[in-house]
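Raw contents of data_15.cif, mmCIF, C-alpha atoms:
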```cif
data_data
#
loop_
_atom_site.group_PDB
_atom_site.id
_atom_site.type_symbol
_atom_site.label_atom_id
_atom_site.label_comp_id
_atom_site.auth_asym_id
_atom_site.auth_seq_id
_atom_site.Cartn_x
_atom_site.Cartn_y
_atom_site.Cartn_z
ATOM 1 C CA MET B 13 -10.938 -62.927 41.135
ATOM 2 C CA ASN B 14 -14.610 -62.832 40.223
ATOM 3 C CA THR B 15 -15.966 -59.264 39.894
ATOM 4 C CA ILE B 16 -18.975 -60.018 42.123
ATOM 5 C CA ILE B 17 -16.671 -61.208 44.907
ATOM 6 C CA LEU B 18 -14.395 -58.200 44.459
ATOM 7 C CA SER B 19 -17.346 -55.815 44.717
ATOM 8 C CA GLU B 20 -18.527 -57.599 47.887
ATOM 9 C CA ILE B 21 -15.056 -57.181 49.422
ATOM 10 C CA GLU B 22 -15.009 -53.493 48.477
ATOM 11 C CA LYS B 23 -18.437 -53.057 50.046
ATOM 12 C CA THR B 24 -17.148 -54.725 53.224
ATOM 13 C CA LYS B 25 -14.251 -52.287 53.366
ATOM 14 C CA LYS B 26 -16.706 -49.377 53.138
ATOM 15 C CA THR B 27 -19.274 -50.683 55.622
ATOM 16 C CA PHE B 28 -16.818 -51.886 58.290
ATOM 17 C CA PRO B 29 -15.988 -48.431 59.725
ATOM 18 C CA LEU B 30 -19.677 -47.489 59.764
ATOM 19 C CA VAL B 31 -20.658 -50.714 61.535
ATOM 20 C CA LEU B 32 -17.813 -50.309 64.027
ATOM 21 C CA LYS B 33 -18.868 -46.720 64.769
ATOM 22 C CA GLU B 34 -22.449 -47.799 65.518
ATOM 23 C CA ILE B 35 -21.378 -50.718 67.701
ATOM 24 C CA ARG B 36 -18.930 -48.531 69.645
ATOM 25 C CA LYS B 37 -21.617 -45.898 70.136
ATOM 26 C CA HIS B 38 -24.031 -48.518 71.447
ATOM 27 C CA ALA B 39 -21.383 -50.077 73.705
ATOM 28 C CA MET B 40 -20.437 -46.678 75.140
ATOM 29 C CA GLY B 41 -24.088 -45.876 75.796
ATOM 30 C CA ILE B 42 -24.493 -49.086 77.762
ATOM 31 C CA ALA B 43 -21.225 -48.659 79.653
ATOM 32 C CA ASN B 44 -22.056 -45.076 80.666
ATOM 33 C CA THR B 45 -25.645 -45.590 81.796
ATOM 34 C CA HIS B 46 -27.655 -47.928 83.916
ATOM 35 C CA GLN B 47 -30.339 -48.931 81.455
ATOM 36 C CA SER B 48 -33.472 -50.820 82.259
ATOM 37 C CA VAL B 49 -34.101 -54.013 80.331
ATOM 38 C CA PHE B 50 -36.707 -52.188 78.252
ATOM 39 C CA THR B 51 -34.344 -49.291 77.448
ATOM 40 C CA PHE B 52 -31.566 -51.734 76.563
ATOM 41 C CA HIS B 53 -33.924 -53.677 74.294
ATOM 42 C CA GLN B 54 -35.011 -50.461 72.540
ATOM 43 C CA SER B 55 -31.390 -49.364 72.125
ATOM 44 C CA TYR B 56 -30.401 -52.798 70.793
ATOM 45 C CA LYS B 57 -33.343 -52.772 68.368
ATOM 46 C CA LYS B 58 -32.222 -49.373 67.033
ATOM 47 C CA LEU B 59 -28.691 -50.723 66.611
ATOM 48 C CA LEU B 60 -29.944 -53.762 64.676
ATOM 49 C CA ASN B 61 -32.029 -51.572 62.364
ATOM 50 C CA LYS B 62 -29.079 -49.238 61.737
ATOM 51 C CA LEU B 63 -26.762 -52.182 60.984
ATOM 52 C CA CYS B 64 -29.337 -53.639 58.599
ATOM 53 C CA GLU B 65 -29.464 -50.319 56.792
ATOM 54 C CA ILE B 66 -25.664 -50.105 56.535
ATOM 55 C CA THR B 67 -24.997 -53.713 55.485
ATOM 56 C CA GLU B 68 -28.209 -54.459 53.597
ATOM 57 C CA LYS B 69 -28.489 -57.712 55.562
ATOM 58 C CA GLY B 70 -31.552 -59.077 57.276
ATOM 59 C CA ILE B 71 -32.083 -58.387 60.942
ATOM 60 C CA THR B 72 -31.950 -62.088 61.897
ATOM 61 C CA ILE B 73 -28.551 -62.514 60.225
ATOM 62 C CA ILE B 74 -27.087 -59.574 62.137
ATOM 63 C CA ASP B 75 -28.738 -60.589 65.402
ATOM 64 C CA SER B 76 -27.412 -64.144 65.104
ATOM 65 C CA SER B 77 -23.905 -62.798 64.337
ATOM 66 C CA ILE B 78 -24.025 -60.762 67.512
ATOM 67 C CA CYS B 79 -25.443 -63.645 69.568
ATOM 68 C CA LEU B 80 -22.874 -66.112 68.215
ATOM 69 C CA PHE B 81 -20.144 -63.696 69.229
ATOM 70 C CA GLY B 82 -21.418 -63.789 72.805
ATOM 71 C CA TRP B 83 -21.772 -60.047 72.959
ATOM 72 C CA GLU B 84 -21.654 -58.440 76.369
ATOM 73 C CA THR B 85 -20.790 -54.909 75.321
ATOM 74 C CA THR B 86 -19.669 -53.719 78.705
ATOM 75 C CA TYR B 87 -16.973 -56.415 78.767
ATOM 76 C CA LEU B 88 -15.702 -56.340 75.181
ATOM 77 C CA ASP B 89 -12.534 -54.456 74.397
ATOM 78 C CA ASP B 90 -12.119 -52.531 71.165
ATOM 79 C CA TYR B 91 -10.404 -55.441 69.423
ATOM 80 C CA ALA B 92 -13.436 -57.633 70.133
ATOM 81 C CA LEU B 93 -15.766 -54.885 68.879
ATOM 82 C CA GLN B 94 -13.707 -54.707 65.671
ATOM 83 C CA ASN B 95 -13.963 -58.470 65.181
ATOM 84 C CA LEU B 96 -17.707 -58.337 65.696
ATOM 85 C CA SER B 97 -17.945 -55.435 63.235
ATOM 86 C CA ILE B 98 -16.038 -57.247 60.487
ATOM 87 C CA ARG B 99 -18.187 -60.362 60.932
ATOM 88 C CA ILE B 100 -21.291 -58.240 60.515
ATOM 89 C CA SER B 101 -19.790 -56.304 57.579
ATOM 90 C CA LEU B 102 -18.737 -59.336 55.531
ATOM 91 C CA PRO B 103 -21.357 -60.409 52.990
ATOM 92 C CA GLU B 104 -23.335 -63.588 53.255
ATOM 93 C CA PRO B 105 -21.726 -66.074 50.853
ATOM 94 C CA LYS B 106 -24.006 -66.836 47.919
ATOM 95 C CA VAL B 107 -24.126 -68.796 44.710
ATOM 96 C CA ILE B 108 -22.426 -66.951 41.870
ATOM 97 C CA GLU B 109 -23.979 -68.207 38.669
ATOM 98 C CA ASN B 110 -21.179 -67.173 36.295
ATOM 99 C CA ILE B 111 -18.226 -68.264 38.417
ATOM 100 C CA THR B 112 -15.503 -69.963 36.403
ATOM 101 C CA GLU B 113 -13.528 -73.032 37.292
ATOM 102 C CA GLU B 114 -10.379 -70.876 37.513
ATOM 103 C CA GLU B 115 -12.075 -68.559 39.990
ATOM 104 C CA LEU B 116 -13.144 -71.545 42.080
ATOM 105 C CA TYR B 117 -9.576 -72.823 42.126
ATOM 106 C CA GLU B 118 -8.360 -69.368 43.188
ATOM 107 C CA ILE B 119 -10.825 -69.361 46.088
ATOM 108 C CA CYS B 120 -9.771 -72.908 46.905
ATOM 109 C CA GLU B 121 -6.148 -71.788 47.127
ATOM 110 C CA ILE B 122 -7.076 -68.901 49.418
ATOM 111 C CA VAL B 123 -8.857 -71.337 51.725
ATOM 112 C CA LYS B 124 -6.247 -74.094 51.603
ATOM 113 C CA GLN B 125 -3.234 -71.867 52.098
ATOM 114 C CA GLU B 126 -4.889 -69.021 54.001
ATOM 115 C CA ASN B 127 -3.564 -66.734 51.287
ATOM 116 C CA TYR B 128 -4.637 -63.584 53.084
ATOM 117 C CA ARG B 129 -1.963 -64.255 55.673
ATOM 118 C CA VAL B 130 0.559 -65.324 53.038
ATOM 119 C CA ARG B 131 -0.097 -62.234 50.924
ATOM 120 C CA ALA B 132 0.067 -59.996 53.976
ATOM 121 C CA LYS B 133 3.414 -61.480 55.000
ATOM 122 C CA PHE B 134 4.927 -60.688 51.616
ATOM 123 C CA ASN B 135 3.076 -57.366 51.337
ATOM 124 C CA ILE B 136 1.174 -58.402 48.230
ATOM 125 C CA ASP B 137 -1.822 -56.092 47.901
ATOM 126 C CA LEU B 138 -4.785 -58.083 46.593
ATOM 127 C CA PHE B 139 -7.642 -56.001 48.007
ATOM 128 C CA GLY B 140 -5.923 -53.224 49.964
ATOM 129 C CA LEU B 141 -3.998 -55.011 52.670
ATOM 130 C CA ASN B 142 -5.039 -53.266 55.858
ATOM 131 C CA ILE B 143 -8.479 -54.660 56.674
ATOM 132 C CA GLU B 144 -7.868 -58.085 55.129
ATOM 133 C CA HIS B 145 -4.624 -58.502 57.040
ATOM 134 C CA ARG B 146 -6.118 -57.519 60.393
ATOM 135 C CA PHE B 147 -9.125 -59.808 59.975
ATOM 136 C CA SER B 148 -7.716 -62.547 57.770
ATOM 137 C CA GLU B 149 -9.392 -65.331 59.740
ATOM 138 C CA HIS B 150 -12.825 -63.811 59.060
ATOM 139 C CA PHE B 151 -12.083 -63.343 55.358
ATOM 140 C CA ASN B 152 -10.841 -66.928 55.175
ATOM 141 C CA ASP B 153 -14.084 -68.103 56.802
ATOM 142 C CA TYR B 154 -16.041 -66.110 54.221
ATOM 143 C CA PHE B 155 -14.091 -67.651 51.334
ATOM 144 C CA GLU B 156 -14.472 -71.146 52.765
ATOM 145 C CA LYS B 157 -18.258 -70.755 52.958
ATOM 146 C CA LEU B 158 -18.339 -69.137 49.508
ATOM 147 C CA LEU B 159 -16.396 -72.046 48.029
ATOM 148 C CA GLU B 160 -18.583 -74.621 49.755
ATOM 149 C CA ILE B 161 -21.809 -73.020 48.530
ATOM 150 C CA ASN B 162 -20.613 -72.619 44.957
ATOM 151 C CA LEU B 163 -19.057 -76.061 44.691
ATOM 152 C CA GLN B 164 -22.216 -77.661 46.030
ATOM 153 C CA HIS B 165 -24.324 -75.651 43.579
ATOM 154 C CA LEU B 166 -22.150 -76.614 40.618
ATOM 155 C CA LEU B 167 -21.937 -80.262 41.649
ATOM 156 C CA ASP B 168 -25.717 -80.362 42.034
ATOM 157 C CA CYS B 169 -25.961 -79.001 38.495
ATOM 158 C CA ASP B 170 -23.210 -81.309 37.194
ATOM 159 C CA ASP B 171 -21.587 -78.207 35.739
ATOM 160 C CA VAL B 172 -18.003 -78.740 36.828
ATOM 161 C CA GLU B 173 -15.332 -81.232 35.922
ATOM 162 C CA GLY B 174 -12.287 -81.834 38.089
ATOM 163 C CA VAL B 175 -13.238 -79.464 40.902
ATOM 164 C CA GLU B 176 -13.506 -82.372 43.323
ATOM 165 C CA GLU B 177 -9.689 -82.160 43.547
ATOM 166 C CA CYS B 178 -10.186 -79.130 45.740
ATOM 167 C CA VAL B 179 -10.525 -80.813 49.118
ATOM 168 C CA LEU B 180 -10.849 -78.581 52.162
#
```
Represent the structure contained in this file as structure tokens.
Amino acid sequence: MNTIILSEIEKTKKTFPLVLKEIRKHAMGIANTHQSVFTFHQSYKKLLNKLCEITEKGITIIDSSICLFGWETTYLDDYALQNLSIRISLPEPKVIENITEEELYEICEIVKQENYRVRAKFNIDLFGLNIEHRFSEHFNDYFEKLLEINLQHLLDCDDVEGVEECVL
């Protein structure tokens, strides 16, 4: 696996518990108080800033992740808060300039066969099974987007031969 991707996965594993802690804290604050709209907005703004600091993502990316999730903190159980936290913690897929054809095929296999689930079933430890196993669908989404972005970049540059065999 490409070292840039591996470092992004390691970063995700480190930021996830921090993101989850902040989201839980915010959710508990809302559940335990009757906040005005202004107070809620201020609290939400603080949460966004803290999550930006933890993940090094832009505020609009985090805000859209939360909005897409349909976040109503008083109604989400802890499992839902964990799913939201992993979505926020995962990196934004980006073009990796030095990615090899072999690495692209490896990502393609992960996407095609949902290898996180396969590896988890056979207890094969690729990245430290726990977090990837619990949130395999989110990791698979990340890899699918990563593959799409990098294939498009390489095809635009006419840098790759034979990669078109990798059909999603």
Of the listed residues B:Ser97, B:Glu115, B:His165, B:Val107, that which approaches Lys25 in chain B most closely, counting only C-alpha atoms: B:Ser97
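CA of Lys157 in chain B lies 6.2 Å from CA of Pro105 in chain B.
Our summary of the geometry notes that CA of Tyr117 in chain B is positioned 24.1 Å from CA of Arg146 in chain B.
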Apply the PyMOL selection byres ((chain B and resi 94) around 12) to the displayed file and report the matching residues as a PyMOL selection string. chain B and resi 28-36+81+85+88-93+95-101+143+146-147+150
State, in Å with one decimal place, the distance from CA of Ile21 in chain B to CA of Leu159 in chain B. 15.0 Å
Using all atoms listed in the file, find all polymer residues with an atom at most 10 Å away from the point (-21.6, -65.0, 39.1); report them as a PyMOL selection string. chain B and resi 14-17+106-112+162
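Proximity of B:Asn61, B:Gln54, B:Thr24, B:Gln125 to Glu156 in chain B, computed with all atoms listed in the file, is greatest for B:Gln125.
Restricting the calculation to only C-alpha atoms, the smallest distance between Phe52 in chain B and any of B:Met13, B:Cys64, B:Val123, B:Ala39 is found for B:Ala39.
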Considering only C-alpha atoms, return as a PDB file with C-alpha atoms, keeping the file's coordinate frame whatever protein or nucleic-acid residues lie within 9 Å of Pro103 in chain B, sequence-local ones (same chain, fewer than 5 positions apart) excluded.
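Here's the written file out-v1.pdb:
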```pdb
ATOM      1  CA  GLU B  20     -18.527 -57.599  47.887  1.00  0.00           C
ATOM      2  CA  ILE B  21     -15.056 -57.181  49.422  1.00  0.00           C
ATOM      3  CA  LYS B  23     -18.437 -53.057  50.046  1.00  0.00           C
ATOM      4  CA  THR B  24     -17.148 -54.725  53.224  1.00  0.00           C
ATOM      5  CA  THR B  67     -24.997 -53.713  55.485  1.00  0.00           C
ATOM      6  CA  LYS B  69     -28.489 -57.712  55.562  1.00  0.00           C
ATOM      7  CA  TYR B 154     -16.041 -66.110  54.221  1.00  0.00           C
TER       8      TYR B 154
END
```
Extending 3 Å beyond the listed atoms of range 92-97 of chain B on each side, what axis-aligned box results? I want centre and edge lengths in Å to one decimal, as AutoDock Vina command-line options.
```
--center_x -15.7 --center_y -56.6 --center_z 66.7 --size_x 10.5 --size_y 9.8 --size_z 12.9
```
